[in-house]
Amino acid sequence: MTAQSLPQTAPEPLFRFRHLLGIEGLQRPDIERLLDQSDVYVDANRKGDKKHSILRGRTLINLFFENSTRTRTSFELAGKRLGGDVINMSVSTSSIKKGETLIDTAMTLNAMHPDVLVVRHANSGAVHLLAEKVNCSVINAGDGTHEHPTQALLDALTIRRRLGRGLEGLTVAICGDIAHSRVARSNIHLMSIMGARVRAVAPPTLIPSGLDRLGVEIHHDMEQGLQDADIIMMLRLQTERMKGSFVPSIREYYRLYGLDYEKLKAAKPDALIMHPGPMNRGVEIDSEVADDIDRSLIREQVEIGVAVRMACLEALVSTQVEPWAKNR
Amino acid sequence: MGEEPVSKTVYKNARLLDPASELDAMGSLLVENGRILDMGPKVFVDAMQDDFDIVDCAGKCLAPGLIDMRVTTGEPGNEHLETLATASQAAAAGGVTTIVCLPNTDPIVDDVALLEFVERRAAEVGLISVHSYAAATKRTRGEEMSEIGLLHQAGALGFTDGPKAIANALVMRRLLSYSTVFGTLVIQHPEAPDLVGEGVMSEGETATRLGLAGIPAAAEVMMIERDMRLLALSGGRYHASRVTTAAAIEVIAKAKADGLHVTCDTAPHYLALNEGAVVDYRTFAKVSPPLRSEEDRQAVLRGLADGTIDAIASDHIPRDQDSKRLPFDQAEPGVVGLETMLPVTLESVHNGSLTMLQAIRALTLGPASILGLPGGRLTKGAPADLVLFDPDVAGVVEPAKFHSKCKNSPFEGRPIQGRVLKTIRGGRAVHDPFAAEAPERGRLVHA
């Protein structure tokens, strides 16, 4: 439901789909191919000359209807390092504020023949809607509380590189504001596809209904949830998305669900800590834990993010079909 | 002879469907001057004088014209979405001879002058019978009662705040209590708004996968349970419009058994679709209350079969492309339904969930009884509001061919069985697409 198949042609493309709209619907080889290619770029990005020519002559538009610094910058860098022309559009400078609809905006941009649109939007499904209306490839850079596929891919690669192995059999505890998190949904899909055991750890008010049906083990007690976990993914408490009271206070939330060294003891001694950022220090995570160089992968996540986005851009551009062969 | 010409028609060779007499049999029906003169298996054409027009129904179904007790139009205020004329044409095409319009137009029908405006405009169109509800509270704000007595006297068939629940218990209590003076109907949109919150679809796995805020099924039953308490306290006649969950149906069945004056309806999309229809963010299947789980869908069918649910209403809500081609959260809820109500309901007959008479009852006699209308039955003296339909002919839902101005149907492309052949209101054909064709297809023949 998230992507459309292209006719199979030899040689096998890096990616089977026209768009990257979500992790749900992908299969393990799809993800592994993207991660393998990302690996190449992680190493390349550490060298002096980072420039490639895969996107030469191609146009990438970053279309952000929601504020973002790291994701937008990450895509911008990825596009530029691959030699593409990158344009950033954010809501404050676009005509969205003048009442233009999402589809009008899509049609307008489409007329300029971009090759890839990277889109973030506050509404779940908005990126799907837009993808139906344009001829180019679309990457979902986060839609509402639905999916944020490149974040899940970079999380997977970060784990894989640190552990030097795949994700099978790992116990991954995703903790915090799952109800409002697209990162959580993408990671639940991806980690499950890759063979990890996924736990959701949060108070019931932050667990969306039916989450257990996604193959997730649910815990409301943080220490139980962290028991013998290999990976701890903390989520930002999204106070801006919350209408009404989900937790009584930040103080209580931190006491019960904030990750500190005390609660960390429940996990495996070498358990690794991740966070998609931006962090609320002292809300969902203790500052020292976040900065613990032996345990925290948070800075690596950012580094690897650029490489993963390079691989995704390459994957979509290299599988692009003729513009008139629309996806549906 | 100097007498006025009398219009007399005999519909012969028809499968007569009359829920009032539980009749499902071949026979004939006679119409004189817009009223049913006689009907039954023993009415023979041969006995008739030659001044009768004869319509050979060729064995197709002849039922009372459908009565749609929940229609939203755009007149006044949003004529670009639907006028009373286009709504009437859509109704006639769908076999519907009576519609009842919701008051949530612009301006809202909450005073006598506006009600009379709608009635006058509908009479000018004159195609089918058009009735109106009036707002239960001023501006449908849920705070102060509208002029129930005056509006009732001016012809309002009931009182409702349209798509908004009457959320305040004290206001509902007083509405029920005051309405007893006139014996009129109070119609609730049964959803506790606080619990709906930001929800846009049914709560559960599908909503969680799509990242959409969910509405719990409990929001419906909570409001109905509260209202049952108020009804017991105040008296009055209460109608829950669009009942969609197993729990709510159970509560209503119990309230009926307890002797409370409660009725309810549902809509064809709750029979035919479940929450799965919104995957891929299909805003055309966004409705309020939301499409529910498969278990709830089946409970609705059972509720219709056992009579707990009294009526099927289309809940026709015209929406233009601009209000549907949006991210799911932002898209307006609602579907057009006048032209698909019969074939979509017939699906449940074809698949054995309902008998033909159960389905026809919910579309005719059910709403007529709730609203106190004379139609909905094939009884001597009743208005000759009829629909002739072929229940079996196969087709596909094609919104582009709708008479309604808006094409927001969740059933686009759906294979269906059943087609309206002729709609008759007051003895006159108001939809007759096959009139010019050969008699063996069931056309008008002069004997």
# chains A, B, ... in the order shown; residues from 1 in each chain; ligands from 1
$ select_by_dssp --residues "region 88-278 of chain B" --states "helix (DSSP H, G or I)" --output "ChimeraX atom specification"
/B:88-93,112-125,138-140,148-153,169-179,193-196,205-210,218-234,246-257,268-272,275-278
$ interface_residues --of "chain B" --to "chain A" --cutoff "12 Å" --atoms "only C-alpha atoms" --output "ChimeraX atom specification"
/B:194-195,197-200,202-217,278-283,321-331
$ write_last_selection --atoms "C-alpha atoms" --output "PDB file, in the first residue's frame"
ATOM      1  CA  ASP B 194     -15.359  14.904  23.931  1.00  0.00           C
ATOM      2  CA  LEU B 195     -14.432  11.320  23.267  1.00  0.00           C
ATOM      3  CA  GLY B 197     -11.699  14.561  20.087  1.00  0.00           C
ATOM      4  CA  GLU B 198      -9.430  14.915  17.062  1.00  0.00           C
ATOM      5  CA  GLY B 199     -10.400  11.469  15.768  1.00  0.00           C
ATOM      6  CA  VAL B 200     -11.032  11.004  12.053  1.00  0.00           C
ATOM      7  CA  SER B 202     -12.351   4.238  13.881  1.00  0.00           C
ATOM      8  CA  GLU B 203      -9.807   3.548  16.551  1.00  0.00           C
ATOM      9  CA  GLY B 204      -7.769   0.379  16.178  1.00  0.00           C
ATOM     10  CA  GLU B 205      -5.055  -1.320  14.224  1.00  0.00           C
ATOM     11  CA  THR B 206      -5.892   0.310  10.887  1.00  0.00           C
ATOM     12  CA  ALA B 207      -5.876   3.820  12.353  1.00  0.00           C
ATOM     13  CA  THR B 208      -2.622   3.091  14.123  1.00  0.00           C
ATOM     14  CA  ARG B 209      -0.997   1.843  10.918  1.00  0.00           C
ATOM     15  CA  LEU B 210      -2.185   4.895   9.028  1.00  0.00           C
ATOM     16  CA  GLY B 211      -1.127   7.259  11.789  1.00  0.00           C
ATOM     17  CA  LEU B 212      -4.631   8.685  12.051  1.00  0.00           C
ATOM     18  CA  ALA B 213      -6.302   9.683  15.294  1.00  0.00           C
ATOM     19  CA  GLY B 214      -8.997   7.173  16.224  1.00  0.00           C
ATOM     20  CA  ILE B 215     -12.571   7.444  17.448  1.00  0.00           C
ATOM     21  CA  PRO B 216     -13.544   4.692  19.887  1.00  0.00           C
ATOM     22  CA  ALA B 217     -16.768   2.810  19.239  1.00  0.00           C
ATOM     23  CA  VAL B 278     -10.140   4.118   4.200  1.00  0.00           C
ATOM     24  CA  VAL B 279      -6.740   2.472   3.741  1.00  0.00           C
ATOM     25  CA  ASP B 280      -4.611   4.432   1.299  1.00  0.00           C
ATOM     26  CA  TYR B 281      -6.200   7.478   2.917  1.00  0.00           C
ATOM     27  CA  ARG B 282      -9.375   7.223   0.836  1.00  0.00           C
ATOM     28  CA  THR B 283     -11.106  10.419   1.878  1.00  0.00           C
ATOM     29  CA  GLN B 321     -13.554  17.705  -4.938  1.00  0.00           C
ATOM     30  CA  ASP B 322     -11.878  20.555  -3.080  1.00  0.00           C
ATOM     31  CA  SER B 323     -13.144  19.331   0.253  1.00  0.00           C
ATOM     32  CA  LYS B 324     -12.179  15.692  -0.425  1.00  0.00           C
ATOM     33  CA  ARG B 325      -8.860  15.940  -2.299  1.00  0.00           C
ATOM     34  CA  LEU B 326      -7.054  16.812   0.891  1.00  0.00           C
ATOM     35  CA  PRO B 327      -4.997  15.030   3.510  1.00  0.00           C
ATOM     36  CA  PHE B 328      -7.342  12.713   5.419  1.00  0.00           C
ATOM     37  CA  ASP B 329      -7.348  14.842   8.587  1.00  0.00           C
ATOM     38  CA  GLN B 330      -8.445  17.899   6.641  1.00  0.00           C
ATOM     39  CA  ALA B 331     -10.974  16.294   4.294  1.00  0.00           C
TER      40      ALA B 331
END
$ atom_distance --atom1 "CA of Thr171 (chain A)" --atom2 "CA of Ala202 (chain A)"
16.2 Å
$ closest_residue --among "B:Leu378, B:Leu342, B:Leu84, B:Asn78" --to "Ala123 (chain B)" --atoms "only C-alpha atoms"
B:Leu84
$ residues_around --residues "region 379-382 of chain B" --least-positions-apart "5" --cutoff "9 Å" --atoms "only C-alpha atoms" --output "VMD selection string"
chain B and resid 18 20 to 21 34 to 39 374
$ write_last_selection --atoms "all heavy atoms" --output "PDB file, in the first residue's frame"
ATOM      1  N   ASP B  18     -44.813  -5.372  -0.190  1.00  0.00           N
ATOM      2  CA  ASP B  18     -45.424  -4.454   0.774  1.00  0.00           C
ATOM      3  C   ASP B  18     -45.085  -4.865   2.198  1.00  0.00           C
ATOM      4  O   ASP B  18     -45.666  -5.822   2.736  1.00  0.00           O
ATOM      5  CB  ASP B  18     -46.952  -4.435   0.591  1.00  0.00           C
ATOM      6  CG  ASP B  18     -47.592  -3.480   1.595  1.00  0.00           C
ATOM      7  OD1 ASP B  18     -46.947  -2.449   1.921  1.00  0.00           O
ATOM      8  OD2 ASP B  18     -48.709  -3.772   2.066  1.00  0.00           O
ATOM      9  N   ALA B  20     -45.880  -3.515   4.917  1.00  0.00           N
ATOM     10  CA  ALA B  20     -46.970  -3.325   5.870  1.00  0.00           C
ATOM     11  C   ALA B  20     -47.820  -4.585   5.995  1.00  0.00           C
ATOM     12  O   ALA B  20     -48.274  -4.936   7.086  1.00  0.00           O
ATOM     13  CB  ALA B  20     -47.837  -2.133   5.444  1.00  0.00           C
ATOM     14  N   SER B  21     -48.035  -5.262   4.867  1.00  0.00           N
ATOM     15  CA  SER B  21     -48.840  -6.493   4.920  1.00  0.00           C
ATOM     16  C   SER B  21     -47.973  -7.735   4.745  1.00  0.00           C
ATOM     17  O   SER B  21     -48.517  -8.824   4.526  1.00  0.00           O
ATOM     18  CB  SER B  21     -49.923  -6.443   3.831  1.00  0.00           C
ATOM     19  OG  SER B  21     -49.323  -6.295   2.556  1.00  0.00           O
ATOM     20  N   GLY B  34     -53.587   9.419  -8.376  1.00  0.00           N
ATOM     21  CA  GLY B  34     -52.438   9.589  -7.494  1.00  0.00           C
ATOM     22  C   GLY B  34     -52.497   8.766  -6.224  1.00  0.00           C
ATOM     23  O   GLY B  34     -51.645   8.911  -5.355  1.00  0.00           O
ATOM     24  N   ARG B  35     -53.517   7.935  -6.088  1.00  0.00           N
ATOM     25  CA  ARG B  35     -53.604   7.095  -4.886  1.00  0.00           C
ATOM     26  C   ARG B  35     -53.746   5.629  -5.285  1.00  0.00           C
ATOM     27  O   ARG B  35     -54.186   5.314  -6.387  1.00  0.00           O
ATOM     28  CB  ARG B  35     -54.794   7.510  -4.017  1.00  0.00           C
ATOM     29  CG  ARG B  35     -54.660   8.947  -3.526  1.00  0.00           C
ATOM     30  CD  ARG B  35     -55.357   9.204  -2.214  1.00  0.00           C
ATOM     31  NE  ARG B  35     -54.862  10.441  -1.650  1.00  0.00           N
ATOM     32  CZ  ARG B  35     -53.943  10.513  -0.686  1.00  0.00           C
ATOM     33  NH1 ARG B  35     -53.453   9.419  -0.167  1.00  0.00           N
ATOM     34  NH2 ARG B  35     -53.533  11.672  -0.239  1.00  0.00           N
ATOM     35  N   ILE B  36     -53.366   4.784  -4.352  1.00  0.00           N
ATOM     36  CA  ILE B  36     -53.503   3.352  -4.616  1.00  0.00           C
ATOM     37  C   ILE B  36     -54.963   2.968  -4.432  1.00  0.00           C
ATOM     38  O   ILE B  36     -55.560   3.205  -3.369  1.00  0.00           O
ATOM     39  CB  ILE B  36     -52.586   2.543  -3.675  1.00  0.00           C
ATOM     40  CG1 ILE B  36     -51.115   2.876  -3.983  1.00  0.00           C
ATOM     41  CG2 ILE B  36     -52.848   1.048  -3.831  1.00  0.00           C
ATOM     42  CD1 ILE B  36     -50.125   2.342  -2.962  1.00  0.00           C
ATOM     43  N   LEU B  37     -55.524   2.402  -5.505  1.00  0.00           N
ATOM     44  CA  LEU B  37     -56.943   2.046  -5.473  1.00  0.00           C
ATOM     45  C   LEU B  37     -57.131   0.623  -4.954  1.00  0.00           C
ATOM     46  O   LEU B  37     -58.031   0.337  -4.177  1.00  0.00           O
ATOM     47  CB  LEU B  37     -57.523   2.171  -6.887  1.00  0.00           C
ATOM     48  CG  LEU B  37     -59.020   1.994  -7.077  1.00  0.00           C
ATOM     49  CD1 LEU B  37     -59.794   3.092  -6.363  1.00  0.00           C
ATOM     50  CD2 LEU B  37     -59.350   2.001  -8.573  1.00  0.00           C
ATOM     51  N   ASP B  38     -56.228  -0.235  -5.398  1.00  0.00           N
ATOM     52  CA  ASP B  38     -56.311  -1.633  -4.973  1.00  0.00           C
ATOM     53  C   ASP B  38     -55.006  -2.301  -5.362  1.00  0.00           C
ATOM     54  O   ASP B  38     -54.269  -1.803  -6.212  1.00  0.00           O
ATOM     55  CB  ASP B  38     -57.483  -2.344  -5.681  1.00  0.00           C
ATOM     56  CG  ASP B  38     -57.882  -3.637  -4.943  1.00  0.00           C
ATOM     57  OD1 ASP B  38     -57.271  -3.926  -3.880  1.00  0.00           O
ATOM     58  OD2 ASP B  38     -58.775  -4.327  -5.432  1.00  0.00           O
ATOM     59  N   MET B  39     -54.750  -3.425  -4.712  1.00  0.00           N
ATOM     60  CA  MET B  39     -53.571  -4.165  -5.123  1.00  0.00           C
ATOM     61  C   MET B  39     -53.657  -5.583  -4.574  1.00  0.00           C
ATOM     62  O   MET B  39     -54.419  -5.851  -3.654  1.00  0.00           O
ATOM     63  CB  MET B  39     -52.294  -3.490  -4.640  1.00  0.00           C
ATOM     64  CG  MET B  39     -52.054  -3.510  -3.152  1.00  0.00           C
ATOM     65  SD  MET B  39     -50.816  -4.732  -2.704  1.00  0.00           S
ATOM     66  CE  MET B  39     -51.174  -4.907  -0.980  1.00  0.00           C
ATOM     67  N   PRO B 374     -47.724   9.193   5.401  1.00  0.00           N
ATOM     68  CA  PRO B 374     -48.715   8.237   4.913  1.00  0.00           C
ATOM     69  C   PRO B 374     -48.141   7.201   3.940  1.00  0.00           C
ATOM     70  O   PRO B 374     -48.771   6.175   3.716  1.00  0.00           O
ATOM     71  CB  PRO B 374     -49.741   9.137   4.201  1.00  0.00           C
ATOM     72  CG  PRO B 374     -48.963  10.346   3.786  1.00  0.00           C
ATOM     73  CD  PRO B 374     -47.894  10.540   4.824  1.00  0.00           C
TER      74      PRO B 374
END
$ residues_around --residues "Ser53 (chain A)" --least-positions-apart "6" --cutoff "10 Å" --atoms "only C-alpha atoms" --output "PDB file with N, CA, C and O atoms, in the first residue's frame"
ATOM      1  N   LYS A  80      23.313  17.329  -2.517  1.00  0.00           N
ATOM      2  CA  LYS A  80      24.460  18.076  -3.035  1.00  0.00           C
ATOM      3  C   LYS A  80      25.683  17.182  -3.176  1.00  0.00           C
ATOM      4  O   LYS A  80      26.457  17.310  -4.125  1.00  0.00           O
ATOM      5  N   ARG A  81      25.869  16.287  -2.238  1.00  0.00           N
ATOM      6  CA  ARG A  81      27.030  15.403  -2.346  1.00  0.00           C
ATOM      7  C   ARG A  81      26.928  14.462  -3.541  1.00  0.00           C
ATOM      8  O   ARG A  81      27.927  13.979  -4.042  1.00  0.00           O
ATOM      9  N   LEU A  82      25.675  14.216  -3.955  1.00  0.00           N
ATOM     10  CA  LEU A  82      25.506  13.364  -5.139  1.00  0.00           C
ATOM     11  C   LEU A  82      25.520  14.194  -6.424  1.00  0.00           C
ATOM     12  O   LEU A  82      25.291  13.664  -7.520  1.00  0.00           O
ATOM     13  N   GLY A  83      25.755  15.495  -6.280  1.00  0.00           N
ATOM     14  CA  GLY A  83      25.910  16.340  -7.456  1.00  0.00           C
ATOM     15  C   GLY A  83      24.623  16.899  -8.022  1.00  0.00           C
ATOM     16  O   GLY A  83      24.602  17.430  -9.127  1.00  0.00           O
ATOM     17  N   GLY A  84      23.531  16.802  -7.268  1.00  0.00           N
ATOM     18  CA  GLY A  84      22.256  17.311  -7.758  1.00  0.00           C
ATOM     19  C   GLY A  84      22.037  18.776  -7.411  1.00  0.00           C
ATOM     20  O   GLY A  84      22.779  19.354  -6.612  1.00  0.00           O
TER      21      GLY A  84
END
$ residues_around --residues "Pro410 (chain B)" --least-positions-apart "6" --cutoff "10 Å" --atoms "only C-alpha atoms" --output "number ranges by chain"
B: 269, 273, 277-278, 282-287, 334-337, 397, 399
$ write_last_selection --atoms "N, CA, C and O atoms" --output "PDB file, in the first residue's frame"
ATOM      1  N   HIS B 269     -23.715   2.698   3.741  1.00  0.00           N
ATOM      2  CA  HIS B 269     -22.259   2.470   3.815  1.00  0.00           C
ATOM      3  C   HIS B 269     -21.861   1.707   5.073  1.00  0.00           C
ATOM      4  O   HIS B 269     -20.814   1.069   5.083  1.00  0.00           O
ATOM      5  N   LEU B 273     -19.584  -1.396   3.988  1.00  0.00           N
ATOM      6  CA  LEU B 273     -18.157  -1.090   4.141  1.00  0.00           C
ATOM      7  C   LEU B 273     -17.746  -1.196   5.600  1.00  0.00           C
ATOM      8  O   LEU B 273     -18.551  -0.981   6.503  1.00  0.00           O
ATOM      9  N   ALA B 277     -12.087   0.381   4.288  1.00  0.00           N
ATOM     10  CA  ALA B 277     -12.313   1.196   3.087  1.00  0.00           C
ATOM     11  C   ALA B 277     -11.482   2.478   3.072  1.00  0.00           C
ATOM     12  O   ALA B 277     -11.369   3.114   2.029  1.00  0.00           O
ATOM     13  N   VAL B 278     -10.915   2.869   4.198  1.00  0.00           N
ATOM     14  CA  VAL B 278     -10.140   4.118   4.200  1.00  0.00           C
ATOM     15  C   VAL B 278      -8.632   3.890   4.055  1.00  0.00           C
ATOM     16  O   VAL B 278      -7.878   4.853   4.031  1.00  0.00           O
ATOM     17  N   ARG B 282      -8.263   6.939   1.758  1.00  0.00           N
ATOM     18  CA  ARG B 282      -9.375   7.223   0.836  1.00  0.00           C
ATOM     19  C   ARG B 282     -10.379   8.149   1.515  1.00  0.00           C
ATOM     20  O   ARG B 282     -11.242   7.720   2.271  1.00  0.00           O
ATOM     21  N   THR B 283     -10.241   9.428   1.232  1.00  0.00           N
ATOM     22  CA  THR B 283     -11.106  10.419   1.878  1.00  0.00           C
ATOM     23  C   THR B 283     -12.556  10.273   1.424  1.00  0.00           C
ATOM     24  O   THR B 283     -13.454  10.745   2.107  1.00  0.00           O
ATOM     25  N   PHE B 284     -12.778   9.608   0.269  1.00  0.00           N
ATOM     26  CA  PHE B 284     -14.155   9.417  -0.183  1.00  0.00           C
ATOM     27  C   PHE B 284     -14.905   8.454   0.734  1.00  0.00           C
ATOM     28  O   PHE B 284     -16.125   8.368   0.684  1.00  0.00           O
ATOM     29  N   ALA B 285     -14.180   7.713   1.543  1.00  0.00           N
ATOM     30  CA  ALA B 285     -14.829   6.830   2.522  1.00  0.00           C
ATOM     31  C   ALA B 285     -14.758   7.429   3.931  1.00  0.00           C
ATOM     32  O   ALA B 285     -15.025   6.740   4.910  1.00  0.00           O
ATOM     33  N   LYS B 286     -14.394   8.709   4.020  1.00  0.00           N
ATOM     34  CA  LYS B 286     -14.410   9.368   5.326  1.00  0.00           C
ATOM     35  C   LYS B 286     -15.836   9.817   5.612  1.00  0.00           C
ATOM     36  O   LYS B 286     -16.388  10.617   4.866  1.00  0.00           O
ATOM     37  N   VAL B 287     -16.416   9.267   6.669  1.00  0.00           N
ATOM     38  CA  VAL B 287     -17.785   9.605   7.037  1.00  0.00           C
ATOM     39  C   VAL B 287     -17.852   9.811   8.546  1.00  0.00           C
ATOM     40  O   VAL B 287     -16.945   9.427   9.282  1.00  0.00           O
ATOM     41  N   GLY B 334     -18.401  12.626   4.740  1.00  0.00           N
ATOM     42  CA  GLY B 334     -19.699  12.568   4.048  1.00  0.00           C
ATOM     43  C   GLY B 334     -19.605  11.952   2.671  1.00  0.00           C
ATOM     44  O   GLY B 334     -18.588  12.071   1.995  1.00  0.00           O
ATOM     45  N   VAL B 335     -20.697  11.273   2.291  1.00  0.00           N
ATOM     46  CA  VAL B 335     -20.782  10.660   0.970  1.00  0.00           C
ATOM     47  C   VAL B 335     -22.144  10.963   0.368  1.00  0.00           C
ATOM     48  O   VAL B 335     -23.116  11.155   1.103  1.00  0.00           O
ATOM     49  N   VAL B 336     -22.222  11.006  -0.966  1.00  0.00           N
ATOM     50  CA  VAL B 336     -23.542  11.088  -1.593  1.00  0.00           C
ATOM     51  C   VAL B 336     -24.131   9.680  -1.604  1.00  0.00           C
ATOM     52  O   VAL B 336     -23.394   8.708  -1.731  1.00  0.00           O
ATOM     53  N   GLY B 337     -25.449   9.595  -1.454  1.00  0.00           N
ATOM     54  CA  GLY B 337     -26.001   8.253  -1.318  1.00  0.00           C
ATOM     55  C   GLY B 337     -27.377   8.043  -1.923  1.00  0.00           C
ATOM     56  O   GLY B 337     -27.851   6.913  -1.992  1.00  0.00           O
ATOM     57  N   VAL B 397     -21.198   1.053 -10.175  1.00  0.00           N
ATOM     58  CA  VAL B 397     -21.494   2.411  -9.711  1.00  0.00           C
ATOM     59  C   VAL B 397     -20.626   3.402 -10.495  1.00  0.00           C
ATOM     60  O   VAL B 397     -19.395   3.289 -10.493  1.00  0.00           O
ATOM     61  N   PRO B 399     -20.240   7.281 -10.576  1.00  0.00           N
ATOM     62  CA  PRO B 399     -20.599   8.603 -10.056  1.00  0.00           C
ATOM     63  C   PRO B 399     -20.723   9.671 -11.139  1.00  0.00           C
ATOM     64  O   PRO B 399     -21.529  10.594 -11.011  1.00  0.00           O
TER      65      PRO B 399
END
$ residues_around --residues "region 141-150 of chain B" --least-positions-apart "6" --cutoff "9 Å" --atoms "only C-alpha atoms" --output "PyMOL selection string"
chain B and resi 110-112+134-135+156+158-159+161+164-168+171-172+174-175+178-179+181-182+184
$ write_last_selection --atoms "C-alpha atoms" --output "mmCIF file, in the first residue's frame"
data_model
loop_
_atom_site.group_PDB
_atom_site.id
_atom_site.type_symbol
_atom_site.label_atom_id
_atom_site.label_comp_id
_atom_site.auth_asym_id
_atom_site.auth_seq_id
_atom_site.Cartn_x
_atom_site.Cartn_y
_atom_site.Cartn_z
ATOM 1 C CA ASP B 110 -33.968 27.353 12.936
ATOM 2 C CA ASP B 111 -36.918 29.617 12.321
ATOM 3 C CA VAL B 112 -40.253 29.432 10.564
ATOM 4 C CA ALA B 134 -35.572 22.069 11.961
ATOM 5 C CA ALA B 135 -32.641 22.794 14.219
ATOM 6 C CA ALA B 156 -40.878 20.434 10.640
ATOM 7 C CA GLY B 158 -38.404 16.539 13.711
ATOM 8 C CA PHE B 159 -35.653 18.401 15.491
ATOM 9 C CA ASP B 161 -28.655 19.627 15.194
ATOM 10 C CA LYS B 164 -23.589 17.763 15.614
ATOM 11 C CA ALA B 165 -24.478 15.889 18.747
ATOM 12 C CA ILE B 166 -26.698 17.554 21.309
ATOM 13 C CA ALA B 167 -23.931 17.177 23.849
ATOM 14 C CA ASN B 168 -25.333 19.005 26.842
ATOM 15 C CA VAL B 171 -30.395 20.752 26.899
ATOM 16 C CA MET B 172 -31.296 17.250 25.709
ATOM 17 C CA ARG B 174 -35.406 19.866 28.114
ATOM 18 C CA LEU B 175 -35.747 19.175 24.403
ATOM 19 C CA TYR B 178 -40.728 20.105 25.800
ATOM 20 C CA SER B 179 -41.227 18.109 22.600
ATOM 21 C CA VAL B 181 -46.303 18.773 24.031
ATOM 22 C CA PHE B 182 -46.265 18.282 20.241
ATOM 23 C CA THR B 184 -42.522 15.512 17.808
#
$ residues_around --residues "Gly282 (chain A)" --least-positions-apart "2" --cutoff "9 Å" --atoms "only C-alpha atoms" --output "ChimeraX atom specification"
/A:250-251,254,258-259,279-280,284-287
$ atom_distance --atom1 "CA of Cys406 (chain B)" --atom2 "CA of Arg419 (chain B)"
20.3 Å
$ select_by_dssp --residues "region 178-292 of chain A" --states "strand (DSSP E)" --output "list in words"
Arg197, Val198, Arg199, Ala200, Val201, Glu217, Ile218, His219, Ile231, Ile232, Met233, Met234, Leu272, Ile273 and Met274 of chain A
$ atom_distance --atom1 "CA of Asp296 (chain B)" --atom2 "CA of Gly276 (chain B)"
12.6 Å
